[in-house]
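One file, input-v8.cif, is given below (mmCIF, C-alpha atoms).
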data_upload
loop_
_atom_site.label_atom_id
_atom_site.label_comp_id
_atom_site.auth_asym_id
_atom_site.auth_seq_id
_atom_site.Cartn_x
_atom_site.Cartn_y
_atom_site.Cartn_z
CA MET A 1 14.02 7.85 26.69
CA HIS A 2 14.54 4.56 24.88
CA GLU A 3 18.02 5.42 23.69
CA LEU A 4 19.62 2.31 25.21
CA SER A 5 17.67 -0.09 22.99
CA VAL A 6 18.19 2.22 20.03
CA THR A 7 21.93 2.33 20.68
CA GLU A 8 22.09 -1.47 20.90
CA SER A 9 20.34 -1.66 17.55
CA LEU A 10 22.88 0.78 16.10
CA LEU A 11 25.78 -1.32 17.43
CA ASN A 12 24.35 -4.54 16.01
CA THR A 13 23.72 -3.00 12.59
CA ALA A 14 27.21 -1.49 12.36
CA CYS A 15 28.94 -4.70 13.48
CA GLU A 16 26.91 -6.79 11.05
CA TYR A 17 28.01 -4.67 8.06
CA ALA A 18 31.61 -4.49 9.29
CA GLU A 19 31.86 -8.27 9.72
CA LYS A 20 30.68 -8.79 6.14
CA GLN A 21 33.66 -6.67 5.07
CA ASP A 22 36.09 -8.54 7.36
CA ALA A 23 36.83 -5.25 9.12
CA THR A 24 39.25 -5.20 12.03
CA LYS A 25 37.83 -1.98 13.42
CA ILE A 26 35.03 0.55 12.90
CA THR A 27 36.32 4.10 13.24
CA ILE A 28 33.36 6.36 12.34
CA LEU A 29 29.58 5.92 12.10
CA ASN A 30 27.68 8.48 10.02
CA ILE A 31 24.14 8.80 11.37
CA LYS A 32 21.21 10.87 10.09
CA ILE A 33 18.90 12.02 12.84
CA GLY A 34 15.71 13.96 12.13
CA LYS A 35 14.23 16.48 14.50
CA LEU A 36 10.93 14.57 14.58
CA SER A 37 12.53 11.20 15.34
CA GLY A 38 12.41 11.91 19.06
CA ILE A 39 15.96 10.60 19.52
CA VAL A 40 18.41 12.51 21.72
CA ASP A 41 21.91 12.22 20.29
CA ASP A 42 23.66 13.08 23.58
CA SER A 43 22.02 10.04 25.19
CA ILE A 44 23.09 7.80 22.33
CA GLN A 45 26.66 9.02 22.73
CA PHE A 46 26.50 8.32 26.48
CA TYR A 47 25.34 4.70 26.00
CA TRP A 48 27.62 4.21 23.01
CA ASP A 49 30.79 4.66 25.00
CA ILE A 50 29.63 1.95 27.41
CA ILE A 51 28.13 -0.69 25.14
CA SER A 52 30.67 -0.47 22.31
CA GLU A 53 33.48 -1.65 24.61
CA ASN A 54 35.06 -4.92 23.48
CA SER A 55 33.31 -4.74 20.11
CA LEU A 56 34.51 -3.75 16.63
CA CYS A 57 33.13 -0.31 17.43
CA GLU A 58 35.24 0.32 20.52
CA GLY A 59 36.72 3.82 20.36
CA SER A 60 34.66 4.80 17.29
CA VAL A 61 33.23 8.27 16.70
CA LEU A 62 29.52 8.91 16.18
CA ASN A 63 29.05 11.57 13.53
CA PHE A 64 25.47 12.95 13.70
CA MET A 65 23.96 14.75 10.73
CA ARG A 66 20.95 16.57 12.11
CA ILE A 67 17.96 16.99 9.78
CA SER A 68 15.47 19.80 10.47
CA ALA A 69 11.70 19.27 10.54
CA LYS A 70 10.11 20.55 7.34
CA PHE A 71 6.43 20.75 6.48
CA GLU A 72 4.44 21.65 3.37
CA CYS A 73 1.09 23.37 3.66
CA ASN A 74 -1.54 21.36 1.77
CA ALA A 75 -3.57 24.53 1.17
CA CYS A 76 -1.01 26.98 -0.34
CA HIS A 77 2.03 24.66 -0.75
CA THR A 78 4.33 26.89 1.28
CA GLN A 79 7.24 24.93 2.72
CA PHE A 80 8.57 25.86 6.14
CA GLU A 81 10.76 24.53 8.92
CA ILE A 82 9.85 24.37 12.57
CA ASP A 83 12.30 24.70 15.43
CA ALA A 84 10.15 24.08 18.45
CA GLU A 85 6.49 23.24 18.66
CA LEU A 86 4.09 22.57 15.82
CA MET A 87 2.74 25.74 14.23
CA PRO A 88 0.34 26.68 11.45
CA CYS A 89 1.47 27.66 7.94
CA PRO A 90 3.25 31.05 8.21
CA ASN A 91 1.71 32.12 4.87
CA CYS A 92 -1.99 31.21 5.15
CA ASN A 93 -2.35 29.97 8.76
CA SER A 94 -3.70 26.57 7.66
CA MET A 95 -3.09 23.56 9.91
CA ASP A 96 -3.47 21.09 7.04
CA LEU A 97 0.21 20.13 6.75
CA ALA A 98 2.29 17.30 5.31
CA THR A 99 5.64 16.25 6.76
CA ILE A 100 8.46 16.50 4.21
CA GLN A 101 11.48 15.68 6.35
CA GLY A 102 12.50 15.20 9.96
CA ASP A 103 11.53 11.55 10.55
CA GLU A 104 14.95 10.19 9.62
CA PHE A 105 16.93 7.97 11.92
CA MET A 106 19.38 6.06 9.76
CA LEU A 107 22.86 4.66 9.76
CA GLU A 108 24.14 6.13 6.49
CA SER A 109 27.64 4.64 6.36
CA ILE A 110 30.51 3.36 8.46
CA GLU A 111 34.23 3.86 8.08
CA ILE A 112 36.23 0.73 8.75
CA GLU A 113 39.78 -0.53 8.81
CA LYS A 114 40.71 -3.89 7.32
CA VAL A 115 43.91 -5.78 6.73
CA GLU A 116 44.74 -6.12 3.07
CA ASP A 117 47.52 -7.65 1.01
CA GLU A 118 49.91 -5.10 -0.48
CA MET B 119 49.88 -6.70 4.57
CA SER B 120 48.64 -3.29 5.72
CA ASN B 121 45.68 -1.75 7.50
CA LYS B 122 43.53 0.09 4.94
CA LYS B 123 40.60 2.43 5.59
CA HIS B 124 37.29 2.06 3.75
CA THR B 125 33.89 3.68 3.80
CA VAL B 126 31.01 1.19 3.71
CA PRO B 127 27.58 2.52 2.73
CA VAL B 128 24.87 1.12 5.00
CA VAL B 129 21.70 3.24 4.61
CA GLN B 130 19.61 1.28 7.04
CA LYS B 131 16.93 2.50 9.37
CA ILE B 132 18.27 1.88 12.82
CA LEU B 133 15.02 0.38 14.04
CA SER B 134 14.58 -1.80 10.97
CA VAL B 135 15.03 -4.98 13.04
CA ASN B 136 11.96 -4.00 15.04
CA ASP B 137 10.08 -3.04 11.87
CA ASP B 138 10.83 -6.44 10.29
CA LEU B 139 9.59 -8.27 13.37
CA ALA B 140 6.48 -6.10 13.45
CA THR B 141 5.78 -7.06 9.84
CA ARG B 142 6.04 -10.75 10.82
CA ASN B 143 3.65 -10.23 13.77
CA ARG B 144 1.22 -8.53 11.44
CA ALA B 145 1.41 -11.40 8.95
CA GLN B 146 0.68 -13.90 11.71
CA LEU B 147 -2.33 -11.89 12.85
CA ASP B 148 -3.60 -11.56 9.27
CA THR B 149 -3.34 -15.31 8.73
CA LEU B 150 -5.51 -15.90 11.78
CA GLY B 151 -7.98 -13.14 10.93
CA ILE B 152 -7.15 -11.15 14.05
CA HIS B 153 -7.35 -7.35 14.08
CA ALA B 154 -4.95 -5.64 16.48
CA ILE B 155 -5.17 -2.14 17.90
CA ASN B 156 -2.29 -0.39 19.67
CA ILE B 157 -3.54 1.94 22.40
CA MET B 158 -1.05 4.65 23.37
CA ALA B 159 -1.38 7.47 25.89
CA SER B 160 0.19 9.16 28.86
CA PRO B 161 -0.23 7.51 32.26
CA GLY B 162 -3.64 8.26 33.75
CA SER B 163 -5.43 9.17 30.53
CA GLY B 164 -7.80 6.22 30.86
CA LYS B 165 -6.35 3.52 28.59
CA THR B 166 -7.33 0.68 30.91
CA SER B 167 -10.77 2.22 31.58
CA LEU B 168 -11.33 2.48 27.83
CA ILE B 169 -10.32 -1.15 27.34
CA LEU B 170 -12.51 -2.41 30.19
CA ARG B 171 -15.57 -0.51 29.01
CA THR B 172 -14.94 -1.62 25.41
CA ILE B 173 -14.84 -5.24 26.61
CA GLU B 174 -18.07 -4.78 28.57
CA SER B 175 -19.76 -3.32 25.49
CA LEU B 176 -18.49 -5.78 22.87
CA ALA B 177 -17.63 -9.09 24.57
CA SER B 178 -21.04 -10.54 23.78
CA GLN B 179 -20.53 -9.87 20.05
CA ILE B 180 -16.83 -10.50 19.38
CA LYS B 181 -13.97 -12.48 20.88
CA ILE B 182 -11.43 -10.13 22.48
CA GLY B 183 -7.89 -10.68 23.80
CA VAL B 184 -5.60 -8.19 25.51
CA ILE B 185 -1.85 -7.62 25.79
CA GLU B 186 -1.01 -5.36 28.72
CA GLY B 187 2.34 -3.56 28.72
CA ASP B 188 3.80 -2.13 31.91
CA THR B 189 7.28 -1.06 32.93
CA ALA B 190 7.15 -2.89 36.27
CA PRO B 191 6.17 -6.47 37.19
CA VAL B 192 2.65 -5.56 38.27
CA THR B 193 -0.60 -7.25 37.26
CA ILE B 194 -3.06 -4.51 38.29
CA ASP B 195 -4.35 -3.96 34.75
CA SER B 196 -4.31 -7.58 33.63
CA ASP B 197 -6.18 -8.63 36.80
CA LYS B 198 -8.97 -6.21 35.90
CA VAL B 199 -9.22 -7.65 32.38
CA SER B 200 -9.00 -11.21 33.66
CA LYS B 201 -11.97 -10.61 35.96
CA LEU B 202 -14.08 -10.06 32.83
CA ASN B 203 -13.10 -13.57 31.62
CA ILE B 204 -11.06 -12.18 28.76
CA PRO B 205 -7.73 -13.81 27.77
CA VAL B 206 -4.93 -11.47 28.75
CA VAL B 207 -1.15 -11.51 28.95
CA GLN B 208 0.84 -9.04 31.01
CA ILE B 209 4.18 -7.98 29.60
CA ASN B 210 6.72 -6.44 31.95
CA THR B 211 9.07 -4.35 29.83
CA GLY B 212 11.73 -4.37 32.54
CA GLY B 213 11.88 -0.60 32.79
CA GLU B 214 11.72 0.04 29.05
CA CYS B 215 9.45 2.94 28.17
CA HIS B 216 7.56 1.24 25.35
CA LEU B 217 6.43 -2.10 23.96
CA ASP B 218 8.38 -3.35 20.97
CA ALA B 219 7.65 -5.98 18.34
CA SER B 220 9.61 -8.73 20.10
CA MET B 221 7.64 -8.24 23.32
CA VAL B 222 4.38 -8.43 21.39
CA LYS B 223 5.66 -11.58 19.67
CA THR B 224 6.12 -13.12 23.13
CA GLY B 225 2.58 -12.04 24.00
CA LEU B 226 1.22 -13.66 20.85
CA GLU B 227 2.96 -16.92 21.77
CA THR B 228 1.26 -16.90 25.16
CA LEU B 229 -2.32 -16.20 24.07
CA ASN B 230 -4.59 -18.75 22.45
CA LEU B 231 -4.95 -16.82 19.21
CA HIS B 232 -7.69 -19.04 17.82
CA GLU B 233 -10.01 -17.58 20.44
CA ILE B 234 -9.43 -13.96 19.45
CA GLU B 235 -10.91 -11.67 16.79
CA LEU B 236 -9.93 -8.31 18.27
CA LEU B 237 -6.55 -7.99 20.00
CA ILE B 238 -6.19 -4.88 22.13
CA ILE B 239 -2.59 -3.94 22.99
CA GLU B 240 -2.23 -1.48 25.85
CA ASN B 241 1.13 0.21 25.42
CA VAL B 242 3.22 1.63 28.27
CA GLY B 243 1.90 4.97 29.51
CA ASN B 244 4.19 7.42 27.73
CA LEU B 245 3.65 10.18 25.15
CA VAL B 246 7.08 9.91 23.54
CA CYS B 247 8.61 6.49 23.01
CA PRO B 248 5.82 4.12 21.88
CA ALA B 249 5.53 6.20 18.68
CA SER B 250 8.87 4.90 17.41
CA PHE B 251 8.16 1.17 17.71
CA ARG B 252 5.72 -0.59 15.41
CA LEU B 253 4.27 -3.77 16.90
CA GLY B 254 2.40 -5.39 14.02
CA GLU B 255 -0.84 -3.60 14.84
CA HIS B 256 -3.54 -2.73 12.29
CA LYS B 257 -4.65 0.52 13.93
CA ASN B 258 -2.93 3.08 16.10
CA ILE B 259 -5.02 4.90 18.65
CA VAL B 260 -4.06 7.59 21.13
CA VAL B 261 -6.18 8.30 24.18
CA ALA B 262 -6.00 11.93 25.28
CA SER B 263 -7.94 13.28 28.24
CA ILE B 264 -9.31 16.64 29.30
CA PRO B 265 -7.10 17.11 32.42
CA GLU B 266 -3.92 16.68 30.34
CA GLY B 267 -4.64 20.00 28.61
CA ASP B 268 -5.41 21.05 25.03
CA ASP B 269 -1.79 21.69 23.99
CA LYS B 270 -0.50 18.11 23.96
CA PRO B 271 -0.64 17.56 20.17
CA TYR B 272 1.62 20.60 19.81
CA LYS B 273 4.08 19.49 22.47
CA TYR B 274 4.22 15.78 21.61
CA PRO B 275 3.65 15.74 17.83
CA ASN B 276 5.37 12.40 17.29
CA ILE B 277 2.87 10.30 19.18
CA TYR B 278 -0.08 12.13 17.65
CA ARG B 279 1.08 11.46 14.08
CA GLY B 280 -0.05 8.54 11.93
CA LEU B 281 -3.15 7.81 14.00
CA ASP B 282 -6.20 5.91 12.83
CA ALA B 283 -8.35 7.34 15.61
CA LEU B 284 -8.06 9.66 18.56
CA VAL B 285 -10.08 9.18 21.73
CA LEU B 286 -10.62 12.28 23.87
CA ASN B 287 -11.57 10.86 27.26
CA LYS B 288 -13.01 12.38 30.44
CA ILE B 289 -15.31 14.86 28.67
CA ASP B 290 -17.46 14.78 31.81
CA LEU B 291 -14.76 17.03 33.32
CA LEU B 292 -15.18 19.80 30.70
CA PRO B 293 -17.31 22.00 33.02
CA TYR B 294 -14.47 22.09 35.55
CA ILE B 295 -11.32 22.37 33.44
CA GLU B 296 -10.26 24.93 30.86
CA PHE B 297 -9.84 23.01 27.61
CA ASN B 298 -10.16 24.55 24.12
CA ARG B 299 -11.55 21.73 21.99
CA ASP B 300 -11.03 23.59 18.69
CA TYR B 301 -7.38 24.28 19.47
CA PHE B 302 -6.85 20.65 20.45
CA LYS B 303 -8.61 19.31 17.33
CA ASP B 304 -6.70 21.69 15.03
CA GLY B 305 -3.47 20.16 16.33
CA ILE B 306 -4.76 16.62 15.82
CA ASN B 307 -6.00 17.42 12.31
CA ALA B 308 -2.72 19.05 11.32
CA LEU B 309 -0.91 15.84 12.17
CA ASN B 310 -3.61 13.48 10.84
CA PRO B 311 -5.86 15.21 8.30
CA GLY B 312 -9.43 13.92 8.60
CA VAL B 313 -8.73 11.44 11.43
CA ARG B 314 -11.70 10.19 13.48
CA ILE B 315 -11.94 11.83 16.90
CA PHE B 316 -14.14 10.20 19.56
CA GLU B 317 -15.07 12.50 22.42
CA LEU B 318 -16.29 10.31 25.26
CA SER B 319 -16.31 9.56 28.94
CA CYS B 320 -15.38 6.08 30.14
CA LYS B 321 -16.99 6.99 33.45
CA THR B 322 -20.45 8.11 32.28
CA GLY B 323 -20.50 6.29 28.93
CA GLU B 324 -21.29 9.49 27.02
CA GLY B 325 -20.06 9.22 23.42
CA PHE B 326 -19.00 5.61 23.89
CA SER B 327 -21.36 4.01 21.37
CA ALA B 328 -19.71 5.85 18.44
CA TRP B 329 -16.34 4.37 19.48
CA THR B 330 -17.62 0.79 19.71
CA ALA B 331 -19.57 1.17 16.47
CA TRP B 332 -16.33 2.27 14.77
CA ILE B 333 -14.48 -0.79 16.12
CA LEU B 334 -17.17 -3.11 14.79
CA LYS B 335 -17.52 -1.45 11.39
CA ASP B 336 -14.11 0.02 10.52
CA ILE B 337 -11.83 -2.45 12.27
CA LEU B 338 -13.73 -5.72 12.17
CA GLY B 339 -15.92 -5.02 9.16
CA CYS B 340 -19.05 -6.26 10.95
#
In structure tokens, how does this file's structure come out?
Amino acid sequence: MHELSVTESLLNTACEYAEKQDATKITILNIKIGKLSGIVDDSIQFYWDIISENSLCEGSVLNFMRISAKFECNACHTQFEIDAELMPCPNCNSMDLATIQGDEFMLESIEIEKVEDE
Amino acid sequence: MSNKKHTVPVVQKILSVNDDLATRNRAQLDTLGIHAINIMASPGSGKTSLILRTIESLASQIKIGVIEGDTAPVTIDSDKVSKLNIPVVQINTGGECHLDASMVKTGLETLNLHEIELLIIENVGNLVCPASFRLGEHKNIVVASIPEGDDKPYKYPNIYRGLDALVLNKIDLLPYIEFNRDYFKDGINALNPGVRIFELSCKTGEGFSAWTAWILKDILGC
């Protein structure tokens, strides 16, 4: 629901790194997006095509690496992934759980073009 | 001269700009000895009622200030707070679904911070987005309410994670609405092991004294 402000933040971060490298163009952005981050990648793509116009990122491709939500049971240490809603440990039914992964929302790397001397 | 391709590692949290600003807000509050609580909930859960009753209970003992966040340029909530002679600033998010650290920074610039010990921030009514944006607060609190149903921690786990306290409001409606308290609390505990849960009614006042006692002792150290 707040994907516009998130997408603006993504654009600013990518342009900042690209400018440091004297890039002429950003071609690909590699983004990690966890299931628990609450971010909808389709919405980011929608806003991206609009707000990246006339920037170094114009025409770039967003490459999303989706990370599943993984929990560890604090009682029996079973690790398990969830697809939909929160559920108890499948081994011992405990609800005392720790999040292992799924919070991620990171710009991992960008691929750029720059003019160089031969 | 030729156009060469390169990969540049970035590895940056996309909301790190907000996180950095939130850290600066927090430092400013710490310098002034102000404790800030971020109240999040769905619309209609009773955030404003909780804030008003908290003010009525504590205003004689501590100095309170309020930041009200709303998506539209309305002053309904801030007018209610203002009537209690409490400093308040209304922030219109311009349609955004959450408060962020820069909006709170603006709020801090507007309030006379030397007159505040407890800063209550009422976030935009929304069970999804406010969870992603730190503001500089010391404590995160979600207000749930009986009519919303007992399954909300399971359906909106993000907002119910990382809480310092959970308020379950409108318990005066329990005789009329099916609500499994154990099921609800299991969900809350799974996401926040051992978190304090305050079951109360802002309308009748039942359970309210435990909440205000917690604010005084655990937040303000009185």
Let me know the centre plus edge lengths, in Å and rounded to one decimal, of a box with edges along x, y and z that contains all listed atoms of stretch 23-35 of chain A and is padded by 8 Å on every side, as JSON.
{"center_x": 26.7, "center_y": 5.6, "center_z": 11.8, "size_x": 41.0, "size_y": 37.7, "size_z": 21.4}
When the cut-off is 9 Å and we count all atoms listed in the file, which residues of chain B are near chain A, given as a PyMOL selection string?
chain B and resi 119-135+214-216+246-247+249-250+271-276+304-305+307-311
Atom CA of B:Asp188 and atom CA of B:Asn136 are how many Å apart?
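Atom CA of B:Asp188 sits 18.8 Å away from atom CA of B:Asn136.
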List every protein, DNA or RNA residue with an atom no more than 10 Å from (-12.4, 8.3, 13.5) in the file's coordinates, counting only C-alpha atoms, and format the result as a ChimeraX atom specification.
/B:259,281-285,312-316,328-329,332-333,336
I'd like to see the residues matched by the PyMOL selection byres ((chain B and resi 137) around 9) on this file, and ideally I'd get them as JSON, numbers by chain.
{"B": [133, 134, 135, 136, 138, 139, 140, 141, 142, 219, 251, 252, 253, 254]}
Taking C-alpha atoms for each residue, export the selection above as a CSV table (one decimal), keeping the file's coordinate frame.
chain,number,residue,atom,x,y,z
B,133,LEU,CA,15.0,0.4,14.0
B,134,SER,CA,14.6,-1.8,11.0
B,135,VAL,CA,15.0,-5.0,13.0
B,136,ASN,CA,12.0,-4.0,15.0
B,138,ASP,CA,10.8,-6.4,10.3
B,139,LEU,CA,9.6,-8.3,13.4
B,140,ALA,CA,6.5,-6.1,13.4
B,141,THR,CA,5.8,-7.1,9.8
B,142,ARG,CA,6.0,-10.8,10.8
B,219,ALA,CA,7.6,-6.0,18.3
B,251,PHE,CA,8.2,1.2,17.7
B,252,ARG,CA,5.7,-0.6,15.4
B,253,LEU,CA,4.3,-3.8,16.9
B,254,GLY,CA,2.4,-5.4,14.0
Kindly give the distance, in Å, that separates atom CA of B:Lys257 and atom CA of B:Asp218, rounded to a single decimal.
15.3 Å
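Near B:Met158, within a cut-off of 10 Å and counting all atoms listed in the file, sit the residues B:Lys165, B:His216, B:Ile239, B:Glu240, B:Asn241, B:Val242, B:Gly243, B:Asn244, B:Leu245, B:Val246, B:Cys247, B:Pro248, B:Ala249, B:Asn258, B:Ile259, B:Val260, B:Val261, B:Ala262, B:Ile277, B:Tyr278, B:Leu284, with same-chain residues fewer than 6 positions away left out.
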Could you spell out the hits of the PyMOL selection byres ((chain B and resi 181) around 12) on the shown file, as an MDAnalysis selection string?
chainID B and resid 151:153 172:180 182:184 203:205 230:238 334 338
Just the residues within 12 Å of B:Gly164, please, counting all atoms listed in the file, with nothing from its chain fewer than 4 positions along; format it as a ChimeraX atom specification.
/B:157-160,168-172,195,240,243,260-266,285-289,318-321
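For the choices A:Ile100, A:Met65, A:Ile50, A:Val40, the atom-to-atom distance to A:Ile82 is smallest for A:Ile100 when using all atoms listed in the file.
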